[in-house]
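Asker: Next up, run.cif (mmCIF, C-alpha atoms and all ligand atoms).
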```cif
data_start
#
loop_
_atom_site.group_PDB
_atom_site.id
_atom_site.type_symbol
_atom_site.label_atom_id
_atom_site.label_comp_id
_atom_site.auth_asym_id
_atom_site.auth_seq_id
_atom_site.Cartn_x
_atom_site.Cartn_y
_atom_site.Cartn_z
ATOM 1 C CA MET Z 1 11.406 -4.418 -15.355
ATOM 2 C CA LYS Z 2 8.427 -3.136 -13.373
ATOM 3 C CA THR Z 3 7.009 -6.217 -11.676
ATOM 4 C CA PHE Z 4 4.889 -6.061 -8.560
ATOM 5 C CA ASP Z 5 2.414 -8.258 -6.725
ATOM 6 C CA LEU Z 6 -0.333 -6.487 -4.769
ATOM 7 C CA SER Z 7 -1.481 -9.649 -2.909
ATOM 8 C CA VAL Z 8 -0.203 -8.833 0.600
ATOM 9 C CA TYR Z 9 0.575 -5.112 0.734
ATOM 10 C CA LEU Z 10 2.151 -3.977 4.008
ATOM 11 C CA VAL Z 11 1.847 -0.252 4.767
ATOM 12 C CA LEU Z 12 4.248 0.652 7.593
ATOM 13 C CA ASP Z 13 3.374 3.023 10.410
ATOM 14 C CA PRO Z 14 6.117 4.130 12.846
ATOM 15 C CA ASP Z 15 3.787 4.406 15.851
ATOM 16 C CA LEU Z 16 2.078 1.060 15.407
ATOM 17 C CA CYS Z 17 5.457 -0.577 14.642
ATOM 18 C CA ARG Z 18 7.103 1.067 17.662
ATOM 19 C CA ALA Z 19 7.810 -2.140 19.627
ATOM 20 C CA ILE Z 20 10.127 -3.716 17.051
ATOM 21 C CA GLY Z 21 10.483 -0.922 14.494
ATOM 22 C CA MET Z 22 9.474 -0.573 10.858
ATOM 23 C CA VAL Z 23 12.529 -2.316 9.399
ATOM 24 C CA GLU Z 24 12.194 -5.449 11.534
ATOM 25 C CA THR Z 25 8.419 -5.490 10.996
ATOM 26 C CA ALA Z 26 8.974 -5.372 7.235
ATOM 27 C CA ARG Z 27 11.629 -8.103 7.361
ATOM 28 C CA LEU Z 28 9.365 -10.434 9.346
ATOM 29 C CA ALA Z 29 6.278 -9.660 7.261
ATOM 30 C CA VAL Z 30 8.152 -10.467 4.061
ATOM 31 C CA ALA Z 31 9.310 -13.754 5.602
ATOM 32 C CA GLY Z 32 5.603 -14.450 6.230
ATOM 33 C CA GLY Z 33 4.526 -13.612 2.689
ATOM 34 C CA ALA Z 34 4.142 -9.829 2.299
ATOM 35 C CA THR Z 35 4.598 -9.117 -1.402
ATOM 36 C CA ILE Z 36 5.024 -5.325 -1.391
ATOM 37 C CA VAL Z 37 5.985 -2.836 1.351
ATOM 38 C CA GLN Z 38 5.172 0.867 1.673
ATOM 39 C CA LEU Z 39 7.042 3.307 3.900
ATOM 40 C CA ARG Z 40 4.347 5.650 5.282
ATOM 41 C CA ASP Z 41 5.424 8.095 7.962
ATOM 42 C CA LYS Z 42 3.225 11.180 7.992
ATOM 43 C CA GLN Z 43 5.438 13.027 10.536
ATOM 44 C CA ALA Z 44 8.836 12.462 8.914
ATOM 45 C CA ASP Z 45 10.615 15.070 6.825
ATOM 46 C CA THR Z 46 12.416 14.075 3.636
ATOM 47 C CA ALA Z 47 15.756 13.477 5.407
ATOM 48 C CA ALA Z 48 14.141 11.115 7.909
ATOM 49 C CA MET Z 49 12.214 9.332 5.142
ATOM 50 C CA ILE Z 50 15.471 8.816 3.261
ATOM 51 C CA GLU Z 51 17.245 7.420 6.315
ATOM 52 C CA THR Z 52 14.475 4.919 7.119
ATOM 53 C CA GLY Z 53 13.919 4.151 3.452
ATOM 54 C CA ARG Z 54 17.562 3.231 2.910
ATOM 55 C CA ALA Z 55 17.463 0.868 5.883
ATOM 56 C CA LEU Z 56 14.274 -0.703 4.529
ATOM 57 C CA LYS Z 57 15.770 -1.015 1.080
ATOM 58 C CA ALA Z 58 18.762 -2.861 2.557
ATOM 59 C CA ALA Z 59 16.468 -5.161 4.562
ATOM 60 C CA LEU Z 60 14.427 -6.014 1.445
ATOM 61 C CA ALA Z 61 17.464 -6.542 -0.807
ATOM 62 C CA GLY Z 62 17.384 -9.939 -2.478
ATOM 63 C CA THR Z 63 13.743 -10.648 -1.543
ATOM 64 C CA GLY Z 64 12.236 -9.351 -4.785
ATOM 65 C CA VAL Z 65 9.742 -7.356 -2.710
ATOM 66 C CA PRO Z 66 9.451 -3.760 -3.940
ATOM 67 C CA LEU Z 67 9.647 -0.777 -1.606
ATOM 68 C CA ILE Z 68 7.066 1.956 -2.218
ATOM 69 C CA VAL Z 69 7.420 5.395 -0.608
ATOM 70 C CA ASN Z 70 4.270 7.240 0.432
ATOM 71 C CA ASP Z 71 3.797 10.899 -0.621
ATOM 72 C CA ASP Z 72 7.460 11.978 -0.818
ATOM 73 C CA VAL Z 73 8.703 11.746 -4.396
ATOM 74 C CA GLU Z 74 12.127 13.249 -3.672
ATOM 75 C CA ALA Z 75 12.708 10.723 -0.860
ATOM 76 C CA ALA Z 76 11.670 7.861 -3.159
ATOM 77 C CA ILE Z 77 14.232 8.967 -5.735
ATOM 78 C CA ALA Z 78 17.017 9.401 -3.160
ATOM 79 C CA ILE Z 79 16.288 5.986 -1.615
ATOM 80 C CA GLY Z 80 16.259 4.283 -5.011
ATOM 81 C CA ALA Z 81 12.840 2.894 -4.075
ATOM 82 C CA GLU Z 82 10.935 0.805 -6.588
ATOM 83 C CA GLY Z 83 7.846 2.955 -6.284
ATOM 84 C CA ILE Z 84 5.892 5.948 -5.050
ATOM 85 C CA HIS Z 85 2.288 6.163 -3.802
ATOM 86 C CA VAL Z 86 0.353 9.431 -4.060
ATOM 87 C CA GLY Z 87 -3.180 10.389 -3.088
ATOM 88 C CA GLN Z 88 -5.617 12.996 -4.324
ATOM 89 C CA SER Z 89 -4.178 15.672 -1.992
ATOM 90 C CA ASP Z 90 -0.527 14.923 -2.799
ATOM 91 C CA MET Z 91 1.651 15.859 -5.755
ATOM 92 C CA ALA Z 92 -0.442 15.272 -8.901
ATOM 93 C CA ALA Z 93 0.132 11.800 -10.318
ATOM 94 C CA ALA Z 94 1.155 13.225 -13.708
ATOM 95 C CA THR Z 95 3.763 15.468 -12.049
ATOM 96 C CA ALA Z 96 5.025 12.569 -9.925
ATOM 97 C CA ARG Z 97 5.333 10.411 -13.042
ATOM 98 C CA GLU Z 98 7.333 13.118 -14.819
ATOM 99 C CA ARG Z 99 9.639 13.419 -11.811
ATOM 100 C CA VAL Z 100 10.277 9.667 -11.282
ATOM 101 C CA GLY Z 101 10.323 8.564 -14.925
ATOM 102 C CA ARG Z 102 8.774 5.471 -16.503
ATOM 103 C CA GLY Z 103 10.684 2.885 -14.483
ATOM 104 C CA MET Z 104 9.208 3.483 -11.058
ATOM 105 C CA ILE Z 105 5.944 1.893 -9.894
ATOM 106 C CA LEU Z 106 3.331 4.620 -9.307
ATOM 107 C CA GLY Z 107 0.316 3.973 -7.088
ATOM 108 C CA LEU Z 108 -2.620 6.378 -6.846
ATOM 109 C CA SER Z 109 -5.414 6.465 -4.246
ATOM 110 C CA VAL Z 110 -8.962 6.662 -5.561
ATOM 111 C CA GLU Z 111 -12.002 6.809 -3.315
ATOM 112 C CA THR Z 112 -14.819 6.995 -5.879
ATOM 113 C CA GLU Z 113 -15.873 5.579 -9.249
ATOM 114 C CA GLU Z 114 -15.458 9.012 -10.798
ATOM 115 C CA LEU Z 115 -11.823 9.229 -9.685
ATOM 116 C CA ALA Z 116 -11.151 5.652 -10.810
ATOM 117 C CA ARG Z 117 -12.580 6.327 -14.292
ATOM 118 C CA ARG Z 118 -10.227 9.287 -14.656
ATOM 119 C CA VAL Z 119 -7.054 7.256 -13.923
ATOM 120 C CA ASP Z 120 -4.592 7.394 -16.806
ATOM 121 C CA PRO Z 121 -2.960 3.952 -17.175
ATOM 122 C CA SER Z 122 0.061 5.558 -18.808
ATOM 123 C CA ILE Z 123 0.642 7.364 -15.487
ATOM 124 C CA ALA Z 124 -0.567 5.070 -12.669
ATOM 125 C CA ASP Z 125 0.408 1.399 -12.398
ATOM 126 C CA TYR Z 126 -2.127 0.527 -9.692
ATOM 127 C CA VAL Z 127 -4.825 2.142 -7.594
ATOM 128 C CA GLY Z 128 -5.373 1.924 -3.834
ATOM 129 C CA ILE Z 129 -9.115 1.912 -3.103
ATOM 130 C CA GLY Z 130 -10.470 2.737 0.309
ATOM 131 C CA PRO Z 131 -11.330 2.876 2.973
ATOM 132 C CA VAL Z 132 -13.311 -0.325 2.699
ATOM 133 C CA PHE Z 133 -14.090 0.055 6.424
ATOM 134 C CA ALA Z 134 -13.557 2.863 8.910
ATOM 135 C CA THR Z 135 -10.134 2.705 10.526
ATOM 136 C CA ALA Z 136 -8.435 4.461 13.420
ATOM 137 C CA THR Z 137 -5.098 4.198 11.593
ATOM 138 C CA LYS Z 138 -6.078 7.060 9.255
ATOM 139 C CA PRO Z 139 -8.476 9.292 11.173
ATOM 140 C CA ASP Z 140 -8.904 11.658 8.187
ATOM 141 C CA HIS Z 141 -10.161 8.907 5.888
ATOM 142 C CA GLU Z 142 -13.004 9.332 3.412
ATOM 143 C CA GLN Z 143 -16.444 7.683 3.691
ATOM 144 C CA PRO Z 144 -16.036 3.852 3.805
ATOM 145 C CA VAL Z 145 -17.067 2.132 0.566
ATOM 146 C CA GLY Z 146 -17.678 -1.439 1.817
ATOM 147 C CA PHE Z 147 -17.219 -4.477 -0.423
ATOM 148 C CA GLU Z 148 -19.969 -3.379 -2.829
ATOM 149 C CA GLY Z 149 -18.455 0.057 -3.299
ATOM 150 C CA LEU Z 150 -15.057 -1.545 -3.728
ATOM 151 C CA ALA Z 151 -16.423 -3.791 -6.508
ATOM 152 C CA ARG Z 152 -17.992 -0.809 -8.294
ATOM 153 C CA ILE Z 153 -14.753 1.206 -8.153
ATOM 154 C CA VAL Z 154 -12.530 -1.740 -9.174
ATOM 155 C CA ALA Z 155 -14.807 -2.378 -12.160
ATOM 156 C CA VAL Z 156 -14.077 1.009 -13.726
ATOM 157 C CA ALA Z 157 -10.377 1.294 -12.797
ATOM 158 C CA PRO Z 158 -8.123 0.783 -15.833
ATOM 159 C CA VAL Z 159 -5.233 -0.597 -13.726
ATOM 160 C CA PRO Z 160 -4.922 -3.286 -11.009
ATOM 161 C CA ALA Z 161 -6.371 -2.385 -7.612
ATOM 162 C CA VAL Z 162 -5.490 -3.041 -3.992
ATOM 163 C CA ALA Z 163 -8.087 -2.533 -1.240
ATOM 164 C CA ILE Z 164 -7.248 -0.700 2.007
ATOM 165 C CA GLY Z 165 -8.880 0.404 5.243
ATOM 166 C CA GLY Z 166 -9.884 -1.691 8.239
ATOM 167 C CA LEU Z 167 -8.956 -4.941 6.516
ATOM 168 C CA LYS Z 168 -7.923 -8.170 8.244
ATOM 169 C CA ALA Z 169 -6.951 -11.610 6.976
ATOM 170 C CA GLU Z 170 -10.575 -12.792 6.935
ATOM 171 C CA HIS Z 171 -11.442 -10.069 4.424
ATOM 172 C CA ALA Z 172 -9.104 -11.434 1.739
ATOM 173 C CA GLY Z 173 -11.873 -13.552 0.162
ATOM 174 C CA PRO Z 174 -14.463 -10.767 -0.274
ATOM 175 C CA VAL Z 175 -11.741 -8.331 -1.388
ATOM 176 C CA LEU Z 176 -10.618 -10.665 -4.184
ATOM 177 C CA ALA Z 177 -14.262 -11.441 -5.028
ATOM 178 C CA ALA Z 178 -14.744 -7.684 -5.524
ATOM 179 C CA GLY Z 179 -12.013 -7.793 -8.156
ATOM 180 C CA ALA Z 180 -9.062 -6.321 -6.258
ATOM 181 C CA ARG Z 181 -5.688 -8.025 -6.635
ATOM 182 C CA GLY Z 182 -4.789 -7.819 -2.974
ATOM 183 C CA ILE Z 183 -5.255 -6.452 0.488
ATOM 184 C CA ALA Z 184 -3.280 -3.526 1.943
ATOM 185 C CA VAL Z 185 -2.980 -3.433 5.720
ATOM 186 C CA VAL Z 186 -1.321 -1.448 8.479
ATOM 187 C CA SER Z 187 -2.629 -2.626 11.864
ATOM 188 C CA ALA Z 188 -3.231 -6.231 10.796
ATOM 189 C CA ILE Z 189 0.591 -6.569 10.708
ATOM 190 C CA CYS Z 190 2.209 -3.515 12.390
ATOM 191 C CA GLY Z 191 2.183 -3.899 16.157
ATOM 192 C CA GLN Z 192 0.971 -7.499 16.041
ATOM 193 C CA PRO Z 193 2.883 -9.714 18.491
ATOM 194 C CA ASP Z 194 4.120 -11.850 15.570
ATOM 195 C CA PRO Z 195 4.192 -9.867 12.294
ATOM 196 C CA GLU Z 196 5.504 -12.889 10.375
ATOM 197 C CA ALA Z 197 2.530 -15.035 11.442
ATOM 198 C CA ALA Z 198 0.158 -12.130 10.792
ATOM 199 C CA ALA Z 199 1.436 -11.728 7.218
ATOM 200 C CA ARG Z 200 1.284 -15.507 6.716
ATOM 201 C CA ARG Z 201 -2.383 -15.557 7.773
ATOM 202 C CA ILE Z 202 -3.190 -12.968 5.116
ATOM 203 C CA ALA Z 203 -1.111 -14.766 2.458
ATOM 204 C CA ASP Z 204 -2.851 -18.064 3.298
ATOM 205 C CA GLU Z 205 -6.301 -16.460 3.031
ATOM 206 C CA ILE Z 206 -5.364 -14.936 -0.329
ATOM 207 C CA GLU Z 207 -4.165 -18.314 -1.561
ATOM 208 C CA LYS Z 208 -7.357 -19.985 -0.306
ATOM 209 C CA ALA Z 209 -9.496 -17.378 -2.037
ATOM 210 C CA ARG Z 210 -7.663 -17.945 -5.323
ATOM 211 C CA ALA Z 211 -7.869 -21.752 -5.146
HETATM 212 C C1 LIG Z 301 -1.971 1.227 -1.004
HETATM 213 C C2 LIG Z 301 -2.426 2.542 -0.494
HETATM 214 N N1 LIG Z 301 -3.665 2.949 -0.793
HETATM 215 C C3 LIG Z 301 -4.093 4.148 -0.337
HETATM 216 C C4 LIG Z 301 -3.259 4.952 0.427
HETATM 217 C C5 LIG Z 301 -3.718 6.299 0.933
HETATM 218 O O1 LIG Z 301 -3.018 7.349 0.305
HETATM 219 P P1 LIG Z 301 -3.466 8.868 0.595
HETATM 220 O O2 LIG Z 301 -4.895 9.001 0.238
HETATM 221 O O3 LIG Z 301 -2.520 9.767 -0.075
HETATM 222 O O4 LIG Z 301 -3.338 9.020 2.165
HETATM 223 P P2 LIG Z 301 -2.003 8.934 3.059
HETATM 224 O O5 LIG Z 301 -1.624 7.491 3.123
HETATM 225 O O6 LIG Z 301 -0.930 9.724 2.380
HETATM 226 O O7 LIG Z 301 -2.407 9.475 4.379
HETATM 227 C C6 LIG Z 301 -1.974 4.484 0.702
HETATM 228 N N2 LIG Z 301 -1.092 5.191 1.427
HETATM 229 N N3 LIG Z 301 -1.571 3.281 0.218
HETATM 230 C C1 LIG Z 302 -3.093 4.434 4.837
HETATM 231 C C2 LIG Z 302 -4.535 4.280 4.646
HETATM 232 N N1 LIG Z 302 -5.193 4.755 3.538
HETATM 233 C C3 LIG Z 302 -6.495 4.538 3.586
HETATM 234 C C4 LIG Z 302 -7.436 4.971 2.534
HETATM 235 O O1 LIG Z 302 -8.641 4.777 2.707
HETATM 236 O O2 LIG Z 302 -6.960 5.498 1.544
HETATM 237 S S1 LIG Z 302 -6.991 3.736 4.981
HETATM 238 C C5 LIG Z 302 -5.394 3.674 5.538
HETATM 239 C C6 LIG Z 302 -5.012 3.049 6.838
HETATM 240 C C7 LIG Z 302 -5.296 1.562 6.860
HETATM 241 O O3 LIG Z 302 -4.910 1.082 8.112
HETATM 242 P P1 LIG Z 302 -5.490 -0.236 8.741
HETATM 243 O O4 LIG Z 302 -5.069 -1.355 7.861
HETATM 244 O O5 LIG Z 302 -4.839 -0.302 10.107
HETATM 245 O O6 LIG Z 302 -6.970 -0.080 8.827
HETATM 246 MG MG MG Z 303 -0.778 10.542 0.495
#
```
Let me see the structure of the file written as structure tokens.
Ligand SMILES: Cc1ncc(COP(=O)(O)OP(=O)(O)O)c(N)n1
Ligand SMILES: Cc1nc(C(=O)O)sc1CCOP(=O)(O)O
Ligand SMILES: [Mg+2]

Answerer:
Amino acid sequence: MKTFDLSVYLVLDPDLCRAIGMVETARLAVAGGATIVQLRDKQADTAAMIETGRALKAALAGTGVPLIVNDDVEAAIAIGAEGIHVGQSDMAAATARERVGRGMILGLSVETEELARRVDPSIADYVGIGPVFATATKPDHEQPVGFEGLARIVAVAPVPAVAIGGLKAEHAGPVLAAGARGIAVVSAICGQPDPEAAARRIADEIEKARA
């Protein structure tokens, strides 16, 4: 069964996670309340993605937290990951869906209302919308959309949305108010002195916003 919870979406980055590593960061973040984890390593080849992905998969075993692989469909399949995330410049979502089959979670990045309207819910399971704010983590990001832009894009997306880009725990309230199901972060968890506490802060803010 394809179940996933976008509430606290950790996107891993090998440079920002350097001090304790991506696997330990993920383990701690999940202990703090991360609900979904993405392996994102823009420098790694498929073999390296598979090696890290298998270690992550082992670390997440038994937690119920799905592992999503960024960009690399073949690595996702080899890892036995629960999902794949593709953007507008990656393998086309329809092609990725054909390759991974119905059972895998498929996330698709959309940066505009036009792109969100065109999402086929038989192909994508969720959309990642961003950047909400400018961020140094992804220097090649598109124009920030802010909370108002986020709300406009969420409103026309036919699948659940997670917001990304420059987000911190204190943004959980406005992100949920804009209609997104959760908050995706890199630097708010990766490289923080205590990734477990950092994830817990986000989970607490999400819970507060839903109360
Ligand atoms: C949850 C989530 N949302 C958006 C993205 C960005 O994907 P993409 O536009 O393909 O950019 P890269 O991450 O590949 O640089 C994401 N990874 N995750
Ligand atoms: C991976 C990614 N995708 C983005 C998008 O806008 O699609 S922004 C981003 C990086 C988000 O990092 P941080 O939480 O440190 O700001
Ligand atoms: Mg991509």

Asker: Excluding Lys57 in chain Z and any residue of its chain fewer than 2 positions from it, enumerate the residues within 10 Å of it, using all atoms listed in the file, and give them as JSON, numbers by chain.

Answerer: {"Z": [23, 37, 52, 53, 54, 55, 59, 60, 61, 62, 65, 66, 67, 68, 79, 80, 81, 82]}

Asker: Rounded to one decimal, what separation in Å do you get between CA of Met22 in chain Z and CA of His141 in chain Z?

Answerer: 22.4 Å

Asker: Which residues of chain Z have any atom within 9 Å of an atom in ligand LIG 302 (chain Z) when counting all atoms listed in the file, and what is the closest pair of atoms for each, with the distance in Å to one decimal? Order the rows by chain and rising number and write it as JSON lines.

Answerer:
```
{"residue": "Z:Leu10", "atom": "CA", "partner": "Z:LIG302", "partner_atom": "O4", "distance": 8.6}
{"residue": "Z:Val11", "atom": "CA", "partner": "Z:LIG302", "partner_atom": "C1", "distance": 6.8}
{"residue": "Z:Leu12", "atom": "CA", "partner": "Z:LIG302", "partner_atom": "C1", "distance": 8.7}
{"residue": "Z:Asp13", "atom": "CA", "partner": "Z:LIG302", "partner_atom": "C1", "distance": 8.7}
{"residue": "Z:Leu16", "atom": "CA", "partner": "Z:LIG302", "partner_atom": "O5", "distance": 8.8}
{"residue": "Z:Arg40", "atom": "CA", "partner": "Z:LIG302", "partner_atom": "C1", "distance": 7.6}
{"residue": "Z:Gly87", "atom": "CA", "partner": "Z:LIG302", "partner_atom": "O2", "distance": 7.7}
{"residue": "Z:Ser109", "atom": "CA", "partner": "Z:LIG302", "partner_atom": "O2", "distance": 6.1}
{"residue": "Z:Val110", "atom": "CA", "partner": "Z:LIG302", "partner_atom": "O2", "distance": 7.5}
{"residue": "Z:Glu111", "atom": "CA", "partner": "Z:LIG302", "partner_atom": "O2", "distance": 7.1}
{"residue": "Z:Gly128", "atom": "CA", "partner": "Z:LIG302", "partner_atom": "O2", "distance": 6.6}
{"residue": "Z:Ile129", "atom": "CA", "partner": "Z:LIG302", "partner_atom": "O2", "distance": 6.3}
{"residue": "Z:Gly130", "atom": "CA", "partner": "Z:LIG302", "partner_atom": "O1", "distance": 3.6}
{"residue": "Z:Pro131", "atom": "CA", "partner": "Z:LIG302", "partner_atom": "O1", "distance": 3.3}
{"residue": "Z:Val132", "atom": "CA", "partner": "Z:LIG302", "partner_atom": "O1", "distance": 6.9}
{"residue": "Z:Phe133", "atom": "CA", "partner": "Z:LIG302", "partner_atom": "O6", "distance": 7.5}
{"residue": "Z:Ala134", "atom": "CA", "partner": "Z:LIG302", "partner_atom": "O6", "distance": 7.2}
{"residue": "Z:Thr135", "atom": "CA", "partner": "Z:LIG302", "partner_atom": "O6", "distance": 4.5}
{"residue": "Z:Ala136", "atom": "CA", "partner": "Z:LIG302", "partner_atom": "O6", "distance": 6.6}
{"residue": "Z:Thr137", "atom": "CA", "partner": "Z:LIG302", "partner_atom": "O3", "distance": 4.7}
{"residue": "Z:Lys138", "atom": "CA", "partner": "Z:LIG302", "partner_atom": "C6", "distance": 4.8}
{"residue": "Z:Pro139", "atom": "CA", "partner": "Z:LIG302", "partner_atom": "C6", "distance": 8.4}
{"residue": "Z:Asp140", "atom": "CA", "partner": "Z:LIG302", "partner_atom": "S1", "distance": 8.8}
{"residue": "Z:His141", "atom": "CA", "partner": "Z:LIG302", "partner_atom": "O1", "distance": 5.4}
{"residue": "Z:Glu142", "atom": "CA", "partner": "Z:LIG302", "partner_atom": "O1", "distance": 6.3}
{"residue": "Z:Gln143", "atom": "CA", "partner": "Z:LIG302", "partner_atom": "O1", "distance": 8.4}
{"residue": "Z:Pro144", "atom": "CA", "partner": "Z:LIG302", "partner_atom": "O1", "distance": 7.5}
{"residue": "Z:Ala163", "atom": "CA", "partner": "Z:LIG302", "partner_atom": "O1", "distance": 8.3}
{"residue": "Z:Ile164", "atom": "CA", "partner": "Z:LIG302", "partner_atom": "S1", "distance": 5.3}
{"residue": "Z:Gly165", "atom": "CA", "partner": "Z:LIG302", "partner_atom": "S1", "distance": 3.8}
{"residue": "Z:Gly166", "atom": "CA", "partner": "Z:LIG302", "partner_atom": "O6", "distance": 3.4}
{"residue": "Z:Leu167", "atom": "CA", "partner": "Z:LIG302", "partner_atom": "O4", "distance": 5.5}
{"residue": "Z:Lys168", "atom": "CA", "partner": "Z:LIG302", "partner_atom": "O4", "distance": 7.4}
{"residue": "Z:Ile183", "atom": "CA", "partner": "Z:LIG302", "partner_atom": "O4", "distance": 9.0}
{"residue": "Z:Ala184", "atom": "CA", "partner": "Z:LIG302", "partner_atom": "O4", "distance": 6.6}
{"residue": "Z:Val185", "atom": "CA", "partner": "Z:LIG302", "partner_atom": "O4", "distance": 3.6}
{"residue": "Z:Val186", "atom": "CA", "partner": "Z:LIG302", "partner_atom": "O4", "distance": 3.8}
{"residue": "Z:Ser187", "atom": "CA", "partner": "Z:LIG302", "partner_atom": "O5", "distance": 3.7}
{"residue": "Z:Ala188", "atom": "CA", "partner": "Z:LIG302", "partner_atom": "O4", "distance": 6.0}
{"residue": "Z:Ile189", "atom": "CA", "partner": "Z:LIG302", "partner_atom": "O4", "distance": 8.2}
{"residue": "Z:Cys190", "atom": "CA", "partner": "Z:LIG302", "partner_atom": "O5", "distance": 8.1}
```

Asker: Write out as JSON, numbers by chain each polymer residue (protein, DNA or RNA) that has an atom no more than 7 Å from ligand MG 303 (chain Z), with all atoms listed in the file counted.

Answerer: {"Z": [70, 71, 85, 86, 87, 89, 90]}

Asker: For the residues in the current selection, export C-alpha atoms as a short mmCIF file (atom, residue, chain, number, x, y, z; two decimals), in the coordinates of the input.

Answerer:
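Writing done, so here's out.cif:
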```cif
data_model
loop_
_atom_site.label_atom_id
_atom_site.label_comp_id
_atom_site.auth_asym_id
_atom_site.auth_seq_id
_atom_site.Cartn_x
_atom_site.Cartn_y
_atom_site.Cartn_z
CA ASN Z 70 4.27 7.24 0.43
CA ASP Z 71 3.80 10.90 -0.62
CA HIS Z 85 2.29 6.16 -3.80
CA VAL Z 86 0.35 9.43 -4.06
CA GLY Z 87 -3.18 10.39 -3.09
CA SER Z 89 -4.18 15.67 -1.99
CA ASP Z 90 -0.53 14.92 -2.80
#
```

Asker: The centre and edge lengths of an axis-aligned box containing all atoms of ligand LIG 301 (chain Z) present in the file, extended by 6 Å on each side, are to be given in Å to one decimal, as AutoDock Vina command-line options.

Answerer:
```
--center_x -2.9 --center_y 5.5 --center_z 1.7 --size_x 16.0 --size_y 20.5 --size_z 17.4
```

Asker: Applied to the shown file, which residues does the PyMOL selection byres (((chain Z and resi 104) around 9) and not hetatm) return, written as a list in words?

Answerer: Lys2, Ala81, Glu82, Gly83, Ile84, Arg97, Val100, Gly101, Arg102, Gly103, Ile105 and Leu106 of chain Z

Asker: Grab the residues selected above and save them as a PDB file, in the coordinates of the input with C-alpha atoms.

Answerer:
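Written out: selection-v6.pdb:
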```
ATOM      1  CA  LYS Z   2       8.427  -3.136 -13.373  1.00  0.00           C
ATOM      2  CA  ALA Z  81      12.840   2.894  -4.075  1.00  0.00           C
ATOM      3  CA  GLU Z  82      10.935   0.805  -6.588  1.00  0.00           C
ATOM      4  CA  GLY Z  83       7.846   2.955  -6.284  1.00  0.00           C
ATOM      5  CA  ILE Z  84       5.892   5.948  -5.050  1.00  0.00           C
ATOM      6  CA  ARG Z  97       5.333  10.411 -13.042  1.00  0.00           C
ATOM      7  CA  VAL Z 100      10.277   9.667 -11.282  1.00  0.00           C
ATOM      8  CA  GLY Z 101      10.323   8.564 -14.925  1.00  0.00           C
ATOM      9  CA  ARG Z 102       8.774   5.471 -16.503  1.00  0.00           C
ATOM     10  CA  GLY Z 103      10.684   2.885 -14.483  1.00  0.00           C
ATOM     11  CA  ILE Z 105       5.944   1.893  -9.894  1.00  0.00           C
ATOM     12  CA  LEU Z 106       3.331   4.620  -9.307  1.00  0.00           C
TER      13      LEU Z 106
END
```

Asker: Write out as a list in words each polymer residue whose atoms come within 8 Å of range 112-121 of chain Z, counting only C-alpha atoms; drop sequence neighbours fewer than 3 positions from it.

Answerer: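 My reading of the contact set: Ala124, Asp125, Val127, Arg152, Ile153, Val154, Val156, Ala157, Pro158 and Val159 of chain Z.
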
Asker: Using only C-alpha atoms and all ligand atoms, which residue out of Z:Val162, Z:Leu176, Z:Ala92, Z:Leu150 lies closest to ligand LIG 301 (chain Z)?

Answerer: Z:Val162

Asker: Suppose you want the space between CA of Ala78 in chain Z and CA of Leu39 in chain Z; what is it in Å?

Answerer: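 Computing the Euclidean distance for CA of Ala78 in chain Z and CA of Leu39 in chain Z yields 13.7 Å.
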
Asker: Point out the residue among Z:Ala177, Z:Ala197, Z:Ala161, Z:Ala203 with the least atom-to-atom distance to ligand LIG 301 (chain Z), counting all atoms listed in the file.

Answerer: Z:Ala161

Asker: Return the single residue from Z:His171, Z:Lys208, Z:Arg99, Z:Arg181 that is closest to ligand LIG 301 (chain Z), with distances computed using all atoms listed in the file.

Answerer: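 For ligand LIG 301 (chain Z), the nearest of the given residues is Z:Arg181.
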
Asker: One decimal, Å: what's the distance from CA of Gly64 in chain Z over to CA of Gly107 in chain Z, could you say?

Answerer: 18.0 Å

Asker: Could you check which of Z:Asp45, Z:Glu98, Z:Leu6, Z:Thr25 is closest to ligand LIG 301 (chain Z), using all atoms listed in the file?

Answerer: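 With all atoms listed in the file as the atom set, the closest residue is Z:Leu6.
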
Asker: Looking at only C-alpha atoms, which of Z:Ala178, Z:Ser122, Z:Leu56, Z:Glu207 is the one that sits closest to Glu24 in chain Z?

Answerer: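 Nearest candidate to Glu24 in chain Z out of Z:Ala178, Z:Ser122, Z:Leu56, Z:Glu207: Z:Leu56.
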
Asker: Using all atoms listed in the file, which of the listed residues (Z:Ala93, Z:Ala58, Z:Ala151, Z:Ile50) sits closest to ligand LIG 301 (chain Z)?

Answerer: Z:Ala93

Asker: Neighbouring residues of Ala172 in chain Z were defined as those with any atom within 6 Å, considering only C-alpha atoms; residues of the same chain fewer than 2 positions away were excluded. Please report them as a ChimeraX atom specification.

Answerer: /Z:169-170,174-175,205-206
